[in-house]
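> Dumping the structure here so I can ask a few things about it.
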Amino acid sequence: MFFPKEMMEIELIVPAKDLLAVTKVLSGHGVFHQADSSYPSLGSGNTWQESAAGYAGLERRIQVIMQTLSIDEGQPQANKEFETMGDLDVIRSAVEGMEDEVKQATDQRIAEKKRLEQLESTLHQLQPVADIDLDISSMRNSRYLFSMLGQIPAANVERLQTSLARVPNVFLTLRSDISKPVVWLAGTQANADVLERAARSAYLSPLTLPEEYQGTPAKIIAALQTTIESTNRKIADLEVTLAQIGKTRIEQLRALLWDVHASRVMAEAIVRFGQLRYTYVVTGWVQSDDMESLTQRLKTASKEILIETLPTTRSGFNSNVPVAMQNSKFLKPFQMLVNTYSRPRYGELDPTWFIVFMFPFLFGAMFGDIGQGLVLALLGYLMASKKVKALSGLSGLGGVVALCGASATLFGFLYGSIFGFEEDVHIFGMKLEPLWISPIHHIMDVLMVAVGAGVVLLILAYLIGIFNYTVSKERGHLLFGHNGIAGFVLYLSLLGFGGASFGVLPVSPTVFLALAIFAGIGVLFSEVFIHLVEGHRPLIDGGIGTYLIQAGVELFEVIISMLSNTLSYVRVGAFAVAHGGLSQAIFILARLAGGGEDGGFGYWITIILGNLFIIGFEGLIVGIQTMRLSYYEFFSKFFTGGGMRFEPLTLKPVQEE
Amino acid sequence: MAASGVSGYAAISARVRAMYSSLLSPQEMARLSDSPDFQSLLAQLKPTIYGSYIEELKEKELTPRRVVFQIKGRLADVYDSVIHMAPEHTRPLLTQLYRYFEVENLKAVLRGIVTDPTWERVRDVLFPYGSMSVLPLQAMVEAGNVSAAVELLRGTVYEETLSFAMKRYSAEQNLFPLEVALDLNYWRKLWQETKRLPSKDQQQALRVVGSLIDMNNLMWAIRYRVYHELSEEELINYTLPFGYHLRDDDIRSIAAGADIASVVQRVYPGIPDLNILLEEPRSGLPLLELQLKQNLMRQCMAAFVGDPFHIGIPLAYLVLCELEIQDMTVLLEAMFSRVSEEKYRPYLLKTALVKA
């Protein structure tokens, strides 16, 4: 529960004849995380590489067909067994057949769409000269006049004019357009070549009319509009044809896609096997719980397979062991919060359980209000249940929001606050009184308690850190690390020194000071001691002088960060106070809006809007502050992270963790 | 309000200066060029900033093309990092500057389609642009022809630019109009983004961006006249009317047939022996371009002197990184092909700078 799932390393020697059967077992059940054992190889790995590339290419082609036909990939049949790898040639010919069937209609559709685009562009260019009562072809075939009507990139208009500064010409912008203005360039036929080259180099695209469009611009425009309508009809017909093809082919395409997908996964897995003369070497990781069933399946698939399993210790260097978390569905949203920071390493304590309690606790303490908490809890429920479509995208966060809302409600009872009302409030005939304290009226008390809670959380973080070092058997860090026993003793003795100096503890401050100096020396020379305990040489990298300066600065930083981490929790109290203050500001505004009256329409509208603002705005800020306290103050004391995700081979799509 | 001045640039300025120190010094570059062969050069590169990029390659993949591809990854990382550190209001300019490599990728893909349309061959000459690019480059290559490939660019920033150029491509079956359209569009947008900056940033950015534009615009104009023999009007249309020192009048003079050496002399008074260089343009132009790049390098290095709180420093650093990778490419290709030292050394910007 507190650690990632237990893993076992597995090494297989597979006879070549059983290769496919074993690969199917390994990739068909979603339990085997493959490690690359492709080196050294005796060759012919390329054949599998080619097969994998072949399947990948076919998979892509099928996806393109499905996209064209607007068919989604769907899911493979639940009871479908991918017995063998598909024959590349057979699949290729099936894909080509379907491509041909689809191609005719899609090519026609593309051609018609292009035609439509051209027609619309021609129409666009002719519209500015619609009123001119002149046969267009007479301009085109003029004996003395060079004339060019067309579109040009807007950025080139000025440059074209500049380039023609020494050539007599008339240049008019007939239609201003931000990207494609319509222009008309004219000059004498004697300069036609120069004008044409200039226009071409400025990317002026001349209007070209097919032969069937003759006469005045108005006449051509009318003809164009008729053709555009008929082209649109043709496109619609082609889309109906494609939809029909899609309807008849949907099952076949999906089945083919998943067959090819499975074949690709298996081929890619084999590429990463180590190939010897008659056997293949396969290495990877399996969760211990799945080991027995996998072994049985493998032995059924191959009588001569050799299986070697190695249990994995949680101590020492284990960053290459994949990590599978073992939290229930309820904890998934909180696990997501942890993973956002980092995935735990194999030998590391999974802090999800701590976050489940700590995150809502800190949030509720900063946002304590019965009404607003209930609204948040309801919102979280709606997010998690996916009952409101607009919120379904946030379903992963629903659990966190709901629990934070519930916590805020509990703290609301402790603070005696409901929708910001704290005085003279009656619920079901009972007067609402703070069960503990009203933050706005006891500011110093709340701040002190917040720092106290911070101290408790930091002590817990140090203890978890010490536990992690113990489990991973990093003795040097355990004894002398900044977050190990030396760091912890330093922190406690600094706290004790502070407490004794202010008379809170009945012990002389000198005792704690001596303890702090002792622990400080441990931290100051932590690198030396760690190297000494763990057998690393040299004890000091670089000169002693440099080391002392560096270690001194580091010690200073450690002490400062202990202080700042502790004081950082004062924000929990500060936000609880600010929450009350913000509510009071809303009431002042509400009275102003209600003309000084409590109970008018303006008053209640302002109260409602103000509460919504607090829930949205302050809720977000408090959420960010909670995350900050969790990540930087709490996690940084014990959580290293950097674990590799357990990604088992699977022939069917899996839901993201 | 956008962060600017000391508050906006304190962090990025410090970081970029730290990154600047990881650029290879001229002495280090000289040492690398002293390597006896390709393998020794790779061994010498391992302790440098490029080492981690090369280490990702297996032994059999250590070809100049693959190594260059890998070390370009360093430039991609640098861009990514600088863009993310930069103040919000300067990011459009930096992103547009970075887009140069996307445009180059696009051009390489189009050339690949025409010459050898296999993704495996095209892939290695591309710049590892990363997630900032959404171009379907592989699908474009697999499309098999230029028209189908350009169709795949619908909805991207290149659609409009290429829609006009494609009409010319269809008629002429030549990539030239497509490439020119992409280039002009890129530099125009870069200029526009520079002009959108507040005055102090704009002034500093113009030194770097304007110098880049000057260099490219001048080389285009000269090449169009010398190699392509374009008409005056075409040359003007294929060049840009703005720059830092280079004026539109200069471009128009070159287009109209004026003496190229005297125009270059006016814009770049420090370049020696211009007349000799341009006497035989085919051999002289690459050397002229080299001089212009060195001049650009000096401009960029000068940006690090004085007030550090402006966009000039990140821009200059990015350009210096790119020039360093150009040097590395020359060196790797030369060593692999066993080109003699006297032939490739003049093309190393950094070592030549020391001599200068």
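Letters A, B, ... mark the chains of the structure tokens in the order given; residue numbers begin at 1 per chain; ligand numbers begin at 1, in order shown.
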Write out as a list of chain:residue names each polymer residue whose atoms come within 7 Å of Asp214 (chain B), counting only C-alpha atoms; drop sequence neighbours fewer than 6 positions from it.
B:Gly243, B:Tyr244, B:His245, B:Leu246
> Quick one: which chain B residues come within 9 Å of chain A, and what is the nearest atom pair for each with the distance in Å to one decimal, counting only C-alpha atoms, rows ordered by chain and ascending number, as a tab-separated table?

residue	atom	partner	partner_atom	distance
B:Glu160	CA	A:Ser179	CA	8.1
B:Thr161	CA	A:Pro153	CA	7.8
B:Phe164	CA	A:Tyr203	CA	6.1
B:Ala165	CA	A:Tyr203	CA	6.5
B:Lys167	CA	A:Ser205	CA	7.3
B:Arg168	CA	A:Tyr203	CA	7.7
B:Pro177	CA	A:Ser201	CA	8.0
B:Ala181	CA	A:Tyr203	CA	8.5
B:Asn185	CA	A:Ala155	CA	8.6
B:Arg188	CA	A:Ala155	CA	8.7
B:Ser231	CA	A:Arg197	CA	8.0
B:Glu232	CA	A:Ser163	CA	7.3
B:Glu233	CA	A:Ser163	CA	4.6
B:Glu234	CA	A:Ser201	CA	5.3
B:Leu235	CA	A:Ser201	CA	8.3
B:Ile236	CA	A:Ser163	CA	5.6
B:Asn237	CA	A:Ala202	CA	5.6
B:Tyr238	CA	A:Ser201	CA	6.8
B:Thr239	CA	A:Arg159	CA	8.9
B:Leu240	CA	A:Arg159	CA	8.4
B:Pro241	CA	A:Arg159	CA	7.8
B:Arg252	CA	A:Ser163	CA	8.4
> List as an MDAnalysis selection string the protein and nucleic acid residues near Ser170 (chain B), meaning an atom at most 10 Å away when only C-alpha atoms are counted, but skip any in the same chain fewer than 5 places from it.
chainID B and resid 146:147 165 175
> Given the selection you just returned, output its residues as a file containing N, CA, C and O atoms, formatted as a JSON list (two decimals), in the first residue's frame.

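Generated file (part.json):
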[["chain", "number", "residue", "atom", "x", "y", "z"],
["B", 146, "VAL", "N", 5.39, 17.25, -54.91],
["B", 146, "VAL", "CA", 5.40, 18.55, -54.24],
["B", 146, "VAL", "C", 3.98, 19.05, -53.99],
["B", 146, "VAL", "O", 3.67, 19.56, -52.91],
["B", 147, "SER", "N", 3.10, 18.90, -54.98],
["B", 147, "SER", "CA", 1.73, 19.42, -54.81],
["B", 147, "SER", "C", 1.03, 18.75, -53.62],
["B", 147, "SER", "O", 0.44, 19.43, -52.78],
["B", 165, "ALA", "N", 2.93, 30.68, -54.66],
["B", 165, "ALA", "CA", 4.14, 30.11, -55.26],
["B", 165, "ALA", "C", 3.85, 28.79, -55.96],
["B", 165, "ALA", "O", 4.51, 28.46, -56.95],
["B", 175, "LEU", "N", 11.67, 24.43, -58.06],
["B", 175, "LEU", "CA", 11.45, 24.78, -56.65],
["B", 175, "LEU", "C", 11.83, 26.22, -56.32],
["B", 175, "LEU", "O", 11.50, 26.72, -55.25]]
> Please identify all polymer residues within 8 Å of Phe69 (chain B), counting only C-alpha atoms, omitting same-chain residues fewer than 2 positions from it, and present them as an NGL selection string.
:B and (65-67 or 71-73 or 124-128)
> Residues of the last selection are to be written out with N, CA, C and O atoms, as a tab-separated table (two decimals), in the first residue's frame.

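In the end it all went to part.tsv:
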chain	number	residue	atom	x	y	z
B	65	ARG	N	27.02	13.11	-41.17
B	65	ARG	CA	25.63	13.54	-41.25
B	65	ARG	C	24.90	13.33	-39.93
B	65	ARG	O	24.18	14.20	-39.44
B	66	ARG	N	25.09	12.14	-39.33
B	66	ARG	CA	24.41	11.84	-38.08
B	66	ARG	C	24.97	12.70	-36.94
B	66	ARG	O	24.23	13.17	-36.08
B	67	VAL	N	26.30	12.88	-36.95
B	67	VAL	CA	26.91	13.68	-35.88
B	67	VAL	C	26.43	15.13	-35.98
B	67	VAL	O	26.07	15.74	-34.96
B	71	ILE	N	24.52	17.28	-33.12
B	71	ILE	CA	25.00	18.52	-32.48
B	71	ILE	C	24.06	19.68	-32.77
B	71	ILE	O	24.02	20.65	-32.02
B	72	LYS	N	23.27	19.55	-33.82
B	72	LYS	CA	22.25	20.58	-34.04
B	72	LYS	C	21.21	20.53	-32.92
B	72	LYS	O	20.52	21.51	-32.65
B	73	GLY	N	21.11	19.35	-32.30
B	73	GLY	CA	20.21	19.21	-31.16
B	73	GLY	C	20.57	20.18	-30.05
B	73	GLY	O	19.72	20.68	-29.32
B	124	ASP	N	17.82	12.75	-42.05
B	124	ASP	CA	19.13	13.10	-41.49
B	124	ASP	C	19.59	14.52	-41.83
B	124	ASP	O	20.48	15.05	-41.17
B	125	VAL	N	19.04	15.10	-42.87
B	125	VAL	CA	19.50	16.46	-43.20
B	125	VAL	C	18.60	17.51	-42.56
B	125	VAL	O	18.83	18.71	-42.73
B	126	LEU	N	17.61	17.08	-41.83
B	126	LEU	CA	16.71	18.05	-41.20
B	126	LEU	C	17.29	18.58	-39.89
B	126	LEU	O	18.17	17.96	-39.31
B	127	PHE	N	16.75	19.67	-39.46
B	127	PHE	CA	17.13	20.23	-38.16
B	127	PHE	C	16.19	19.64	-37.11
B	127	PHE	O	14.98	19.60	-37.34
B	128	PRO	N	16.72	19.18	-35.96
B	128	PRO	CA	15.83	18.57	-34.95
B	128	PRO	C	15.00	19.64	-34.25
B	128	PRO	O	15.27	20.02	-33.12
> So what do you get for CA of Val356 (chain A) versus CA of Thr566 (chain A), distance-wise?
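These two atoms are separated by 21.1 Å.
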> Could you pull the residues within 12 Å of Ile220 (chain A), counting only C-alpha atoms, minus those fewer than 3 positions along the same chain, as a PyMOL selection string?
chain A and resi 119+122-127+129-137+209-217+223-227
> List every residue of region 592-652 of chain A that DSSP, applied to the backbone of this structure, assigns to helix (DSSP H, G or I), and report them as a ChimeraX atom specification.
/A:592-593,601-637
> Considering only C-alpha atoms, return as a PDB file with N, CA and C atoms, in the first residue's frame whatever protein or nucleic-acid residues lie within 9 Å of Tyr280 (chain A), sequence-local ones (same chain, fewer than 6 positions apart) excluded.

ATOM      1  N   LEU A  12      14.261 -14.803 -19.998  1.00  0.00           N
ATOM      2  CA  LEU A  12      13.785 -15.992 -20.700  1.00  0.00           C
ATOM      3  C   LEU A  12      14.757 -16.363 -21.813  1.00  0.00           C
ATOM      4  N   ILE A  13      14.967 -17.646 -21.991  1.00  0.00           N
ATOM      5  CA  ILE A  13      15.667 -18.143 -23.175  1.00  0.00           C
ATOM      6  C   ILE A  13      14.610 -18.908 -23.971  1.00  0.00           C
ATOM      7  N   VAL A  14      14.284 -18.390 -25.130  1.00  0.00           N
ATOM      8  CA  VAL A  14      13.166 -18.935 -25.901  1.00  0.00           C
ATOM      9  C   VAL A  14      13.694 -19.617 -27.163  1.00  0.00           C
ATOM     10  N   PRO A  15      13.329 -20.896 -27.395  1.00  0.00           N
ATOM     11  CA  PRO A  15      13.724 -21.522 -28.661  1.00  0.00           C
ATOM     12  C   PRO A  15      13.079 -20.782 -29.835  1.00  0.00           C
ATOM     13  N   ALA A  16      13.808 -20.679 -30.933  1.00  0.00           N
ATOM     14  CA  ALA A  16      13.329 -19.894 -32.077  1.00  0.00           C
ATOM     15  C   ALA A  16      11.963 -20.384 -32.553  1.00  0.00           C
ATOM     16  N   LEU A  19       9.010 -18.804 -30.786  1.00  0.00           N
ATOM     17  CA  LEU A  19       9.122 -17.337 -30.646  1.00  0.00           C
ATOM     18  C   LEU A  19       7.749 -16.646 -30.642  1.00  0.00           C
ATOM     19  N   ILE A 270       9.685  -8.214 -30.572  1.00  0.00           N
ATOM     20  CA  ILE A 270      10.731  -9.170 -30.997  1.00  0.00           C
ATOM     21  C   ILE A 270      12.008  -8.425 -31.398  1.00  0.00           C
ATOM     22  N   PHE A 273      14.221  -8.243 -28.616  1.00  0.00           N
ATOM     23  CA  PHE A 273      14.756  -9.473 -28.045  1.00  0.00           C
ATOM     24  C   PHE A 273      16.214  -9.610 -28.473  1.00  0.00           C
ATOM     25  N   GLY A 274      17.007 -10.290 -27.632  1.00  0.00           N
ATOM     26  CA  GLY A 274      18.377 -10.593 -28.044  1.00  0.00           C
ATOM     27  C   GLY A 274      18.363 -11.898 -28.829  1.00  0.00           C
TER      28      GLY A 274
END
